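Below is one structure; the comments refer to it alone.
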Amino acid sequence: MNIESIWTRFLNDIKRRVSSLSFNTWFKDSRLALLNEEHVIIIVPTIAHKKHLAESYIDIISEIFNEITGTNFNIEFLLENEFIKNNTVEKVKEEKEEEIGVPFNSPEKANLNPDYTFENFIVGESNRFAQATALAVAENPGKMYNPLFIYGNSGLGKTHLMQSIGNYIIQNTNKRVLYVTSDQFINDFLGLNKRDKEGTNFDYVDLFKDKYRNIDVLIIDDIQFLGNAPKTQNEFFHTFNTLYDDKKQIIISSDSSPDDLKHLEDRLRTRFNWGLKVNIFPPDNELRKEILRKKMANMDFSSHMSEDAIEYIANMCHSDVRSLEGALTRVCAYSTIFFEEEITLDLAIEALKGTITSSTNFKNDIQKIQRVVAEYYNVSVDDLKSKKRVATIAFPRQIAIYLSRNLTDESFPRIGMEFGGRDHSTVIHSCDKIANEIKSNKQLEKIIEEIKKKLE
Ligand code: ADP
Ligand code: MG
């Protein structure tokens, strides 16, 4: 059925349902201008028609359209000149939207990666609070914590978590979500400035505002980079205020807490403190192992990984999840290349050789300390981790524990774990014992210095 025949049928039907006076007054001189999936536009002669039809006849009109087509439409009444203007505006807007990317209710339009979800975000002690608040915001955007400010070092899952919020909202509501990095925000803003000089940016300004203010959820990642862009900060300040006043949800991430963002204007920092700040910490050993196991399982990878290989990788990459993922990918690739069925400790060591040594974290890693001390005393690393109490092993073990405590940032419990699962009080005892002994024993002091040199 084309538009004309639908309209003819419509007129016939309505004629039978209203008085001829009404028909002649309200319908005879109108026409159907547009009918698409959900939208109907009827052109009417005067503003009085527009008002009266919308107020008094809308139900019967909808009903008849539904009878004819089986669809419920959004019905709009426009004057001829409004329609023409609207149509051209629509067109121009569509083209521009293409350019700047107005957010919408889909991952691509919202600039979201659909792979970042709550389902595949693995929770441990270090990120439990951040994950819980993120889900609370996702379930109740704009109400609970506004803004939500997530901060922590690089590679700890901030982007993953923020995008999970966005994906959740898109899946469960029809709210408009927009995810941008602060770089993208700066670029959009600079585009706006550039056009200013050409004198042709009027539409662009509107579009920029439309993009950033006509949304329900704004997710802005790595806000620290706004520090280099004072003018953009000003624009962001206004964007923030508009959204905040409209009770729209704002989610921000950064590498440090708002108070430490010294390059940002005070008024922004103050606002970031209005809502809730959550810190993501580096993953602990348990979480690292859990992440390795779950990621292995999800990879649909046939090789099995031995527990000591998991332990090894987890210990190698202790500062963030990104490097952990990198190491896992490398180990898996290595096992594929060499057709290994089982990822053993040896294979993991071999695959990661040279990759992690370069990272600063590894400089004085516990494993390295164990190797160097073992070599120095001519015992094995396994001896250091064992329960053996003979002095020739127990003493080097205490030295290795002491050095681990003094040369790394590791906690007593973690050091205990690295030395065969010893209790943290044992670790403290070893540290105290060696520290005391050094004071009176020049020989020991010299030995410690020598070992430290080997560790450099
Ligand atoms: P950040 O934004 O804090 O620098 P990302 O969110 O980019 O960190 O995380 C780095 C990588 O680690 C991503 O691939 C992410 O999926 C993964 N990741 C981080 N934390 C977790 C987690 N708890 N569970 C699963 N994957 C994680
Ligand atoms: Mg990130």
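As shown in the structure tokens, the chain order sets the letters A, B, ...; within each chain, residues go from 1, and ligands are also counted from 1 in the order they appear.
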Open item on the list: For range 169-171 of chain A, find every residue with an atom within 10 Å (counting only C-alpha atoms), except residues of its own chain fewer than 6 positions away, and show them as number ranges by chain.
Closed with: A: 104-107, 110, 112, 135, 137-141, 163, 177, 216-217
Per-residue nearest contacts of chain A to ligand 1 (10 Å; only C-alpha atoms and all ligand atoms) as CSV:
residue,atom,partner,partner_atom_place_in_ligand_line,distance
A:Asp115,CA,ligand 1,16 (O),8.2
A:Tyr116,CA,ligand 1,16 (O),6.4
A:Thr117,CA,ligand 1,16 (O),8.8
A:Phe118,CA,ligand 1,24 (N),8.6
A:Glu119,CA,ligand 1,24 (N),9.0
A:Asn120,CA,ligand 1,25 (C),5.7
A:Phe121,CA,ligand 1,24 (N),3.7
A:Ile122,CA,ligand 1,24 (N),3.7
A:Val123,CA,ligand 1,23 (N),5.3
A:Gly124,CA,ligand 1,23 (N),7.3
A:Ser126,CA,ligand 1,23 (N),8.8
A:Asn127,CA,ligand 1,23 (N),6.9
A:Arg128,CA,ligand 1,23 (N),8.9
A:Gln131,CA,ligand 1,23 (N),8.5
A:Ile150,CA,ligand 1,3 (O),9.0
A:Tyr151,CA,ligand 1,3 (O),7.8
A:Gly152,CA,ligand 1,3 (O),6.5
A:Asn153,CA,ligand 1,3 (O),6.1
A:Ser154,CA,ligand 1,4 (O),3.7
A:Gly155,CA,ligand 1,4 (O),3.4
A:Leu156,CA,ligand 1,3 (O),4.0
A:Gly157,CA,ligand 1,6 (O),3.1
A:Lys158,CA,ligand 1,3 (O),3.7
A:Thr159,CA,ligand 1,6 (O),3.6
A:His160,CA,ligand 1,6 (O),3.7
A:Leu161,CA,ligand 1,6 (O),6.4
A:Met162,CA,ligand 1,6 (O),8.0
A:Gln163,CA,ligand 1,6 (O),8.5
A:Ser164,CA,ligand 1,6 (O),9.8
A:Asp221,CA,ligand 1,2 (O),7.8
A:Asp222,CA,ligand 1,2 (O),7.8
A:Ser253,CA,ligand 1,2 (O),8.0
A:Ser254,CA,ligand 1,3 (O),8.4
A:Asp255,CA,ligand 1,3 (O),7.8
A:Ile280,CA,ligand 1,3 (O),8.1
A:Phe281,CA,ligand 1,3 (O),9.7
A:Pro282,CA,ligand 1,20 (N),9.3
A:Pro283,CA,ligand 1,23 (N),8.1
A:Leu287,CA,ligand 1,23 (N),7.9
A:Arg288,CA,ligand 1,23 (N),8.8
A:Glu290,CA,ligand 1,24 (N),9.0
A:Ile291,CA,ligand 1,24 (N),6.2
A:Leu292,CA,ligand 1,25 (C),9.2
A:Lys294,CA,ligand 1,25 (C),8.5
A:Lys295,CA,ligand 1,25 (C),7.7
A:Asp320,CA,ligand 1,19 (C),7.7
A:Val321,CA,ligand 1,12 (O),4.6
A:Arg322,CA,ligand 1,11 (C),4.2
A:Ser323,CA,ligand 1,12 (O),7.9
A:Leu324,CA,ligand 1,12 (O),7.8
A:Glu325,CA,ligand 1,12 (O),6.5
A:Gly326,CA,ligand 1,11 (C),8.9
- [ ] Skip Lys247 in chain A itself and residues of its chain fewer than 3 positions away, then list as a list in words all residues within 7 Å of it, counting only C-alpha atoms.
- [x]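 Using only C-alpha atoms, the neighbours found are Gly142, Leu243 and Tyr244 of chain A.
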Give me a file of those residues, with C-alpha atoms, as a compact mmCIF listing (two decimals), in the first residue's frame.
# COMPACT_ATOMS: atom_id res chain seq x y z
CA GLY A 142 21.57 9.23 37.75
CA LEU A 243 24.09 17.00 32.76
CA TYR A 244 24.35 17.12 36.52
Task: Test item, alpha helix (DSSP H) assignment across range 363-431 of chain A, answer as an MDAnalysis selection string - done: chainID A and resid 366:377 381:385 391:407 412:418 424:431
Task: Counting only C-alpha atoms, the option among A:Leu35, A:Leu276, A:Thr46, A:Glu125 closest to Asn146 in chain A - done: A:Leu276
- [ ] Using DSSP on the backbone coordinates, identify all residues within range 154-329 of chain A classified as strand (DSSP E or B); present the result as a list in words.
- [x]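 In range 154-329 of chain A, DSSP puts these residues in strand (DSSP E or B): Val177, Leu178, Tyr179, Val180, Thr181, Val217, Leu218, Ile219, Ile220, Asp221, Gln249, Ile250, Ile251, Ile252, Ser253, Ser254, Leu276, Lys277, Val278, Asn279, His304 and Met305 of chain A.
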Open item on the list: Report as a list in words all protein, DNA and RNA residues lying within 12 Å of Ile43 in chain A, evaluated on only C-alpha atoms, omitting residues in the same chain fewer than 2 positions from it.
Closed with: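 The neighbour list is Trp7, Trp26, Phe27, Lys28, Asp29, Ser30, Arg31, Leu32, Ala33, Leu34, Leu35, Val40, Ile41, Pro45, Thr46, Ile47, His49, Lys50, Leu53, Ile75, Glu76, Phe77, Leu78, Leu79, Glu80, Asn81, Glu82, Phe83 and Ile84 of chain A.
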- [ ] Quick one: everything within 10 Å of Lys231 in chain A, counting only C-alpha atoms, minus sequence neighbours fewer than 5 positions away in the same chain. Send it as a ChimeraX atom specification.
- [x] /A:186,189-190,226,236-237
- [ ] Determine the nearest neighbour of ligand 2 from the options A:Phe65, A:Met1, A:Phe225, A:Ile6, counting only C-alpha atoms and all ligand atoms.
- [x]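 Selected residue with least distance to ligand 2: A:Phe225.
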TODO: Take CA of Asp284 in chain A and CA of Leu407 in chain A and report the distance between them in Å, one decimal.
DONE: 18.7 Å
Task: Polymer residues at most 9 Å from range 299-313 of chain A, only C-alpha atoms, same-chain spacing of 2 or more positions, as an MDAnalysis selection string - done: chainID A and resid 285 288:289 292:297 315:318 324 327:328 332 335:336 340:349 352
